[in-house]
>>> print(open('query_27.csv').read())   # CSV, N, CA and C atoms and all ligand atoms
chain,number,residue,atom,x,y,z
A,1,MET,N,-25.5,42.4,86.5
A,1,MET,CA,-26.8,41.9,85.9
A,1,MET,C,-27.5,43.0,85.3
A,2,HIS,N,-28.1,42.7,84.2
A,2,HIS,CA,-28.9,43.7,83.4
A,2,HIS,C,-30.1,44.0,84.3
A,3,PRO,N,-30.4,45.3,84.4
A,3,PRO,CA,-31.6,45.7,85.3
A,3,PRO,C,-32.9,45.0,84.9
A,4,ASP,N,-33.1,44.7,83.6
A,4,ASP,CA,-34.3,44.1,83.2
A,4,ASP,C,-34.4,42.7,83.7
A,5,GLU,N,-33.3,42.1,84.0
A,5,GLU,CA,-33.3,40.7,84.3
A,5,GLU,C,-34.0,40.3,85.6
A,6,ARG,N,-34.2,41.3,86.5
A,6,ARG,CA,-35.0,41.1,87.7
A,6,ARG,C,-36.4,40.7,87.3
A,7,THR,N,-36.9,41.1,86.2
A,7,THR,CA,-38.3,40.8,85.9
A,7,THR,C,-38.4,39.6,84.9
A,8,LEU,N,-37.2,39.0,84.6
A,8,LEU,CA,-37.2,37.9,83.6
A,8,LEU,C,-37.3,36.6,84.4
A,9,ILE,N,-37.9,35.6,83.7
A,9,ILE,CA,-38.1,34.4,84.4
A,9,ILE,C,-37.0,33.4,84.1
A,10,GLY,N,-36.8,32.5,85.1
A,10,GLY,CA,-36.0,31.3,85.0
A,10,GLY,C,-34.7,31.4,84.2
A,11,SER,N,-34.7,30.7,83.1
A,11,SER,CA,-33.5,30.5,82.3
A,11,SER,C,-33.0,31.9,81.8
A,12,CYS,N,-33.9,32.8,81.5
A,12,CYS,CA,-33.4,34.1,80.9
A,12,CYS,C,-32.6,34.8,82.0
A,13,ALA,N,-33.1,34.8,83.2
A,13,ALA,CA,-32.4,35.5,84.3
A,13,ALA,C,-31.0,35.0,84.6
A,14,ARG,N,-30.8,33.7,84.3
A,14,ARG,CA,-29.5,33.1,84.6
A,14,ARG,C,-28.5,33.3,83.5
A,15,LYS,N,-29.0,33.7,82.4
A,15,LYS,CA,-28.1,33.8,81.2
A,15,LYS,C,-27.8,35.3,80.9
A,16,ASN,N,-26.7,35.4,80.2
A,16,ASN,CA,-26.4,36.8,79.7
A,16,ASN,C,-27.3,37.0,78.5
A,17,ARG,N,-27.7,38.3,78.5
A,17,ARG,CA,-28.6,38.7,77.4
A,17,ARG,C,-28.0,39.7,76.6
A,18,TYR,N,-28.0,39.6,75.3
A,18,TYR,CA,-27.3,40.5,74.4
A,18,TYR,C,-28.4,41.2,73.6
A,19,PRO,N,-28.2,42.5,73.4
A,19,PRO,CA,-29.3,43.3,72.7
A,19,PRO,C,-29.3,43.0,71.2
A,20,THR,N,-28.2,42.6,70.6
A,20,THR,CA,-28.3,42.3,69.2
A,20,THR,C,-27.5,41.0,68.9
A,21,GLU,N,-27.8,40.4,67.8
A,21,GLU,CA,-27.2,39.2,67.3
A,21,GLU,C,-25.7,39.4,67.1
A,22,GLU,N,-25.4,40.6,66.6
A,22,GLU,CA,-24.0,40.8,66.3
A,22,GLU,C,-23.2,40.8,67.6
A,23,VAL,N,-23.7,41.5,68.6
A,23,VAL,CA,-23.0,41.5,69.9
A,23,VAL,C,-22.8,40.1,70.4
A,24,ALA,N,-23.9,39.3,70.4
A,24,ALA,CA,-23.9,38.0,70.9
A,24,ALA,C,-22.9,37.1,70.2
A,25,ARG,N,-22.8,37.3,68.8
A,25,ARG,CA,-21.8,36.5,68.0
A,25,ARG,C,-20.4,36.9,68.4
A,26,ARG,N,-20.2,38.2,68.7
A,26,ARG,CA,-18.9,38.6,69.0
A,26,ARG,C,-18.4,38.0,70.3
A,27,ILE,N,-19.3,37.9,71.3
A,27,ILE,CA,-19.0,37.3,72.6
A,27,ILE,C,-18.8,35.8,72.4
A,28,ALA,N,-19.6,35.2,71.6
A,28,ALA,CA,-19.5,33.8,71.3
A,28,ALA,C,-18.2,33.5,70.7
A,29,ALA,N,-17.8,34.3,69.8
A,29,ALA,CA,-16.5,34.1,69.1
A,29,ALA,C,-15.3,34.2,70.1
A,30,ARG,N,-15.5,35.2,71.0
A,30,ARG,CA,-14.4,35.4,72.0
A,30,ARG,C,-14.3,34.2,72.9
A,31,CYS,N,-15.5,33.7,73.3
A,31,CYS,CA,-15.5,32.5,74.2
A,31,CYS,C,-14.8,31.3,73.5
A,32,GLU,N,-15.1,31.2,72.2
A,32,GLU,CA,-14.5,30.1,71.5
A,32,GLU,C,-13.0,30.1,71.5
A,33,VAL,N,-12.5,31.4,71.3
A,33,VAL,CA,-11.1,31.5,71.2
A,33,VAL,C,-10.5,31.3,72.6
A,34,GLN,N,-11.1,31.9,73.6
A,34,GLN,CA,-10.5,31.8,75.0
A,34,GLN,C,-10.7,30.5,75.6
A,35,ARG,N,-11.9,29.8,75.5
A,35,ARG,CA,-12.2,28.6,76.2
A,35,ARG,C,-12.4,27.4,75.3
A,36,GLY,N,-12.3,27.6,74.0
A,36,GLY,CA,-12.5,26.5,73.1
A,36,GLY,C,-13.9,26.0,73.2
A,37,GLU,N,-14.8,26.8,73.6
A,37,GLU,CA,-16.2,26.4,73.7
A,37,GLU,C,-17.0,27.0,72.5
A,38,VAL,N,-17.7,26.1,71.9
A,38,VAL,CA,-18.5,26.5,70.7
A,38,VAL,C,-19.9,26.9,71.3
A,39,LEU,N,-20.2,28.1,71.1
A,39,LEU,CA,-21.5,28.6,71.6
A,39,LEU,C,-22.4,29.0,70.5
A,40,ARG,N,-23.7,28.7,70.7
A,40,ARG,CA,-24.6,29.1,69.6
A,40,ARG,C,-25.4,30.3,70.1
A,41,VAL,N,-25.7,31.1,69.2
A,41,VAL,CA,-26.5,32.3,69.4
A,41,VAL,C,-27.9,32.0,69.1
A,42,TYR,N,-28.8,32.4,70.0
A,42,TYR,CA,-30.2,32.2,69.6
A,42,TYR,C,-31.0,33.4,70.2
A,43,TRP,N,-32.1,33.6,69.5
A,43,TRP,CA,-33.0,34.7,69.8
A,43,TRP,C,-34.0,34.2,70.9
A,44,CYS,N,-34.2,35.1,71.9
A,44,CYS,CA,-35.1,34.7,72.9
A,44,CYS,C,-36.4,35.6,72.9
A,45,GLY,N,-37.5,34.9,72.6
A,45,GLY,CA,-38.7,35.7,72.5
A,45,GLY,C,-39.3,36.2,73.8
A,46,LEU,N,-38.7,35.7,74.9
A,46,LEU,CA,-39.2,36.1,76.3
A,46,LEU,C,-38.6,37.4,76.7
A,47,CYS,N,-37.3,37.5,76.5
A,47,CYS,CA,-36.7,38.8,77.0
A,47,CYS,C,-36.3,39.6,75.8
A,48,LEU,N,-36.6,39.2,74.6
A,48,LEU,CA,-36.4,39.9,73.4
A,48,LEU,C,-34.9,40.3,73.2
A,49,GLY,N,-34.1,39.4,73.6
A,49,GLY,CA,-32.7,39.6,73.4
A,49,GLY,C,-32.0,38.3,72.9
A,50,TYR,N,-30.7,38.3,72.9
A,50,TYR,CA,-30.0,37.1,72.4
A,50,TYR,C,-29.3,36.4,73.5
A,51,HIS,N,-29.3,35.1,73.6
A,51,HIS,CA,-28.5,34.4,74.6
A,51,HIS,C,-27.5,33.5,73.8
A,52,LEU,N,-26.6,33.0,74.6
A,52,LEU,CA,-25.7,32.0,74.0
A,52,LEU,C,-26.0,30.6,74.7
A,53,THR,N,-25.8,29.6,74.0
A,53,THR,CA,-26.0,28.3,74.6
A,53,THR,C,-25.0,27.3,74.1
A,54,ARG,N,-24.7,26.4,75.0
A,54,ARG,CA,-23.7,25.4,74.6
A,54,ARG,C,-24.3,24.2,73.9
A,55,GLU,N,-25.6,24.1,74.2
A,55,GLU,CA,-26.4,23.0,73.6
A,55,GLU,C,-26.5,23.2,72.1
A,56,ALA,N,-25.9,22.2,71.3
A,56,ALA,CA,-26.0,22.4,69.9
A,56,ALA,C,-27.3,21.8,69.3
A,57,ALA,N,-27.9,20.9,70.1
A,57,ALA,CA,-29.0,20.2,69.6
A,57,ALA,C,-30.3,21.0,69.5
A,58,ALA,N,-31.2,20.7,70.4
A,58,ALA,CA,-32.5,21.4,70.3
A,58,ALA,C,-32.4,22.8,70.8
A,59,LEU,N,-33.2,23.7,70.2
A,59,LEU,CA,-33.3,25.0,70.6
A,59,LEU,C,-34.1,25.1,71.9
A,60,PRO,N,-33.8,26.0,72.8
A,60,PRO,CA,-34.7,26.1,73.9
A,60,PRO,C,-36.1,26.4,73.4
A,61,ALA,N,-37.1,26.0,74.2
A,61,ALA,CA,-38.5,26.1,73.7
A,61,ALA,C,-38.8,27.5,73.3
A,62,GLU,N,-38.4,28.4,74.1
A,62,GLU,CA,-38.8,29.8,73.8
A,62,GLU,C,-38.2,30.4,72.6
A,63,ALA,N,-37.2,29.7,72.1
A,63,ALA,CA,-36.6,30.2,70.9
A,63,ALA,C,-36.9,29.4,69.6
A,64,ALA,N,-37.8,28.4,69.9
A,64,ALA,CA,-38.1,27.5,68.7
A,64,ALA,C,-38.8,28.4,67.7
A,65,PRO,N,-38.4,28.2,66.4
A,65,PRO,CA,-39.1,28.9,65.4
A,65,PRO,C,-40.5,28.5,65.3
A,66,PRO,N,-41.4,29.4,64.8
A,66,PRO,CA,-42.8,29.0,64.7
A,66,PRO,C,-43.0,27.8,63.8
A,67,PRO,N,-43.8,26.9,64.1
A,67,PRO,CA,-44.0,25.7,63.3
A,67,PRO,C,-44.5,26.1,61.9
A,68,GLU,N,-43.9,25.4,61.0
A,68,GLU,CA,-44.3,25.7,59.6
A,68,GLU,C,-45.7,25.3,59.3
A,69,ALA,N,-46.4,26.1,58.6
A,69,ALA,CA,-47.8,25.8,58.3
A,69,ALA,C,-47.8,24.6,57.4
A,70,PRO,N,-48.7,23.6,57.6
A,70,PRO,CA,-48.7,22.4,56.8
A,70,PRO,C,-48.9,22.8,55.3
A,71,ALA,N,-48.2,22.2,54.5
A,71,ALA,CA,-48.3,22.5,53.1
A,71,ALA,C,-49.7,22.1,52.6
A,72,LYS,N,-50.5,23.1,52.2
A,72,LYS,CA,-51.8,22.7,51.7
A,72,LYS,C,-51.8,23.1,50.2
A,73,PRO,N,-52.5,22.3,49.4
A,73,PRO,CA,-52.4,22.5,48.0
A,73,PRO,C,-53.0,23.9,47.7
A,74,ARG,N,-52.2,24.7,47.0
A,74,ARG,CA,-52.7,26.0,46.7
A,74,ARG,C,-53.5,25.9,45.4
A,75,PRO,N,-54.5,26.9,45.3
A,75,PRO,CA,-55.3,26.8,44.1
A,75,PRO,C,-54.5,26.9,42.9
A,76,ARG,N,-54.9,26.2,41.8
A,76,ARG,CA,-54.2,26.3,40.6
A,76,ARG,C,-54.4,27.7,40.0
A,77,THR,N,-53.3,28.2,39.6
A,77,THR,CA,-53.3,29.5,39.0
A,77,THR,C,-53.3,29.4,37.4
A,78,ARG,N,-53.4,30.5,36.8
A,78,ARG,CA,-53.4,30.5,35.4
A,78,ARG,C,-52.0,30.0,34.9
A,79,ALA,N,-51.0,30.4,35.6
A,79,ALA,CA,-49.6,29.9,35.2
A,79,ALA,C,-49.5,28.4,35.3
A,80,ASP,N,-50.2,27.8,36.4
A,80,ASP,CA,-50.2,26.4,36.5
A,80,ASP,C,-50.8,25.7,35.3
A,81,ARG,N,-52.0,26.3,34.9
A,81,ARG,CA,-52.7,25.7,33.8
A,81,ARG,C,-51.9,25.8,32.5
A,82,ARG,N,-51.2,27.0,32.4
A,82,ARG,CA,-50.4,27.1,31.2
A,82,ARG,C,-49.2,26.1,31.2
A,83,ALA,N,-48.6,25.9,32.3
A,83,ALA,CA,-47.5,24.9,32.4
A,83,ALA,C,-48.1,23.5,32.1
A,84,GLU,N,-49.3,23.2,32.6
A,84,GLU,CA,-49.8,21.9,32.4
A,84,GLU,C,-50.1,21.7,30.9
A,85,GLY,N,-50.6,22.8,30.3
A,85,GLY,CA,-50.9,22.7,28.8
A,85,GLY,C,-49.6,22.5,28.1
A,86,ARG,N,-48.5,23.2,28.5
A,86,ARG,CA,-47.2,23.0,27.8
A,86,ARG,C,-46.7,21.6,28.0
A,87,ALA,N,-46.9,21.0,29.2
A,87,ALA,CA,-46.5,19.7,29.4
A,87,ALA,C,-47.2,18.7,28.5
A,88,ARG,N,-48.5,18.9,28.4
A,88,ARG,CA,-49.3,18.0,27.6
A,88,ARG,C,-48.9,18.1,26.1
A,89,ALA,N,-48.6,19.4,25.7
A,89,ALA,CA,-48.2,19.6,24.3
A,89,ALA,C,-46.9,18.9,24.0
A,90,ALA,N,-46.0,19.0,25.0
A,90,ALA,CA,-44.7,18.4,24.9
A,90,ALA,C,-44.8,16.9,24.8
A,91,GLU,N,-45.7,16.3,25.6
A,91,GLU,CA,-46.0,14.9,25.6
A,91,GLU,C,-46.5,14.5,24.2
A,92,HIS,N,-47.4,15.3,23.7
A,92,HIS,CA,-48.0,15.0,22.4
A,92,HIS,C,-47.0,15.1,21.3
A,93,ASN,N,-46.1,16.1,21.4
A,93,ASN,CA,-45.1,16.3,20.3
A,93,ASN,C,-44.1,15.1,20.4
A,94,ALA,N,-43.8,14.7,21.6
A,94,ALA,CA,-42.9,13.6,21.7
A,94,ALA,C,-43.5,12.3,21.1
A,95,ALA,N,-44.8,12.1,21.4
A,95,ALA,CA,-45.5,10.9,20.8
A,95,ALA,C,-45.5,11.0,19.3
A,96,VAL,N,-45.7,12.2,18.8
A,96,VAL,CA,-45.8,12.4,17.3
A,96,VAL,C,-44.4,12.1,16.7
A,97,GLN,N,-43.4,12.6,17.4
A,97,GLN,CA,-42.0,12.4,16.8
A,97,GLN,C,-41.6,10.9,16.9
A,98,GLU,N,-42.2,10.1,17.8
A,98,GLU,CA,-41.9,8.7,17.9
A,98,GLU,C,-42.5,8.0,16.7
A,99,THR,N,-43.6,8.5,16.2
A,99,THR,CA,-44.3,7.9,15.1
A,99,THR,C,-43.5,8.2,13.8
A,100,PRO,N,-43.2,7.2,13.0
A,100,PRO,CA,-42.4,7.4,11.8
A,100,PRO,C,-43.2,8.3,10.9
A,101,ARG,N,-42.4,9.1,10.1
A,101,ARG,CA,-43.0,10.1,9.2
A,101,ARG,C,-44.0,9.5,8.2
A,102,GLU,N,-43.6,8.3,7.7
A,102,GLU,CA,-44.5,7.7,6.7
A,102,GLU,C,-45.8,7.3,7.3
A,103,GLN,N,-45.7,6.8,8.5
A,103,GLN,CA,-47.0,6.4,9.2
A,103,GLN,C,-47.9,7.7,9.4
A,104,ARG,N,-47.2,8.8,9.8
A,104,ARG,CA,-48.0,10.0,10.1
A,104,ARG,C,-48.6,10.4,8.8
A,105,GLN,N,-47.9,10.4,7.7
A,105,GLN,CA,-48.4,10.8,6.4
A,105,GLN,C,-49.6,9.9,6.0
A,106,ALA,N,-49.4,8.6,6.2
A,106,ALA,CA,-50.5,7.6,5.8
A,106,ALA,C,-51.7,7.9,6.7
A,107,GLU,N,-51.5,8.2,7.9
A,107,GLU,CA,-52.7,8.4,8.8
A,107,GLU,C,-53.3,9.7,8.4
A,108,GLY,N,-52.5,10.7,8.0
A,108,GLY,CA,-53.1,12.0,7.6
A,108,GLY,C,-53.9,11.8,6.3
A,109,LEU,N,-53.4,11.0,5.4
A,109,LEU,CA,-54.2,10.7,4.1
A,109,LEU,C,-55.4,10.0,4.4
A,110,GLN,N,-55.3,9.0,5.3
A,110,GLN,CA,-56.6,8.2,5.7
A,110,GLN,C,-57.6,9.1,6.3
A,111,ASN,N,-57.1,10.0,7.2
A,111,ASN,CA,-58.1,10.9,7.8
A,111,ASN,C,-58.7,11.8,6.8
A,112,ALA,N,-57.9,12.3,5.9
A,112,ALA,CA,-58.4,13.2,4.8
A,112,ALA,C,-59.4,12.4,3.9
A,113,ALA,N,-59.1,11.2,3.6
A,113,ALA,CA,-60.0,10.4,2.8
A,113,ALA,C,-61.3,10.2,3.5
A,114,ALA,N,-61.2,9.8,4.8
A,114,ALA,CA,-62.4,9.6,5.6
A,114,ALA,C,-63.3,10.8,5.6
A,115,PHE,N,-62.6,12.0,5.7
A,115,PHE,CA,-63.4,13.2,5.8
A,115,PHE,C,-64.1,13.5,4.5
A,116,LEU,N,-63.3,13.2,3.4
A,116,LEU,CA,-63.9,13.5,2.0
A,116,LEU,C,-65.1,12.5,1.8
A,117,ARG,N,-64.9,11.2,2.1
A,117,ARG,CA,-66.0,10.2,1.9
A,117,ARG,C,-67.2,10.6,2.7
A,118,LYS,N,-67.0,11.1,3.9
A,118,LYS,CA,-68.1,11.5,4.8
A,118,LYS,C,-68.9,12.6,4.1
A,119,ASN,N,-68.2,13.4,3.4
A,119,ASN,CA,-68.8,14.6,2.7
A,119,ASN,C,-69.2,14.3,1.3
A,120,GLY,N,-69.3,13.0,1.0
A,120,GLY,CA,-69.9,12.7,-0.3
A,120,GLY,C,-69.0,12.5,-1.5
A,121,TRP,N,-67.7,12.6,-1.2
A,121,TRP,CA,-66.7,12.4,-2.3
A,121,TRP,C,-66.4,11.0,-2.5
A,122,THR,N,-66.0,10.7,-3.7
A,122,THR,CA,-65.5,9.3,-4.0
A,122,THR,C,-64.0,9.4,-4.0
A,123,VAL,N,-63.4,8.7,-3.1
A,123,VAL,CA,-61.9,8.7,-3.0
A,123,VAL,C,-61.3,7.5,-3.6
A,124,ILE,N,-60.5,7.7,-4.6
A,124,ILE,CA,-59.8,6.5,-5.2
A,124,ILE,C,-58.4,6.5,-4.7
A,125,PRO,N,-58.0,5.5,-3.9
A,125,PRO,CA,-56.6,5.5,-3.5
A,125,PRO,C,-55.7,5.3,-4.6
A,126,PRO,N,-54.4,5.8,-4.4
A,126,PRO,CA,-53.5,5.6,-5.5
A,126,PRO,C,-53.2,4.2,-5.9
A,127,GLY,N,-53.3,3.9,-7.2
A,127,GLY,CA,-53.0,2.5,-7.6
A,127,GLY,C,-54.2,1.6,-7.4
A,128,GLY,N,-55.3,2.1,-6.9
A,128,GLY,CA,-56.4,1.2,-6.7
A,128,GLY,C,-57.7,1.8,-7.3
A,129,SER,N,-58.8,1.1,-7.2
A,129,SER,CA,-60.0,1.6,-7.7
A,129,SER,C,-61.1,1.2,-6.7
A,130,LYS,N,-61.2,1.8,-5.5
A,130,LYS,CA,-62.1,1.4,-4.5
A,130,LYS,C,-63.4,2.2,-4.6
A,201,ZN,ZN,-34.3,35.3,77.4
>>> encode(input="query_27.csv", output="C-alpha cells", more="lines below")
Ligand SMILES: [Zn+2]
Amino acid sequence: MHPDERTLIGSCARKNRYPTEEVARRIAARCEVQRGEVLRVYWCGLCLGYHLTREAAALPAEAAPPPEAPAKPRPRTRADRRAEGRARAAEHNAAVQETPREQRQAEGLQNAAAFLRKNGWTVIPPGGSK
C-alpha cells in the first residue's frame, strides 16, 4: 500500500493510485491483455493521482470535470459587427442580383429623374413630353 493511502478516504484508499496518467494507462493496458478487462483511467482530485475503474459509465464524483459555465451571450465585438455588416451587404447584393438589369436601370433612371425634378429641373422622358 502506498504510504499516503493511510490518510486517504474511502474509495481512494481501496484503489491503486498511480502518479501519472501514463503509468495508469500502462497498467490498464496490461490488465486488459491479461484479464480481458477494459479499465478506464481517471484523475482523482482527492488524492491527486490516477485510478483505474471498471465502470465505463459515470465518472466517480470526485473525478467529475468541473461543470461547464452556462453559455452566456458575449458582448458583440467589432468583428461581430463587421460580420453582420458583411451579411447584410451580401443579402442586399443577392436581392439586387435577383432584380433584372432592365428593372434596376429603370429604377435608377426614375430615381435620377425624381432627384432632378425635386431640384427644379424639367425632365422629359424619352419618347414623351411630360
Ligand atoms: Zn483518489
>>> residues_near_ligand(input="query_27.csv", ligand="ligand ZN 201 (chain A)", cutoff="8 Å", atoms="all atoms listed in the file", output="PyMOL selection string")
chain A and resi 8-18+43-51+62
>>> closest_residue(input="query_27.csv", among="A:Leu52, A:Lys118, A:Val123, A:Pro19", to="Glu32 (chain A)", atoms="only C-alpha atoms")
A:Leu52
>>> atom_distance(input="query_27.csv", atom1="atom N of Pro126 (chain A)", atom2="CA of Arg104 (chain A)")
16.4 Å
>>> atom_distance(input="query_27.csv", atom1="CA of Gly108 (chain A)", atom2="CA of Asn93 (chain A)")
15.6 Å
>>> select_by_dssp(input="query_27.csv", residues="region 4-126 of chain A", states="strand (DSSP E or B)", output="PyMOL selection string")
chain A and resi 18+40-44+49-53
>>> atom_distance(input="query_27.csv", atom1="CA of Gly120 (chain A)", atom2="CA of Gln105 (chain A)")
22.6 Å
>>> select_by_dssp(input="query_27.csv", residues="region 4-128 of chain A", states="helix (DSSP H, G or I)", output="ChimeraX atom specification")
/A:4-7,10-14,21-35,61-63,78-98,101-118
>>> residues_around(input="query_27.csv", residues="Arg40 (chain A)", least_positions_apart="5", cutoff="7 Å", atoms="only N, CA and C atoms", output="list in words")
Ala28, His51, Leu52, Thr53, Arg54, Glu55 and Ala56 of chain A
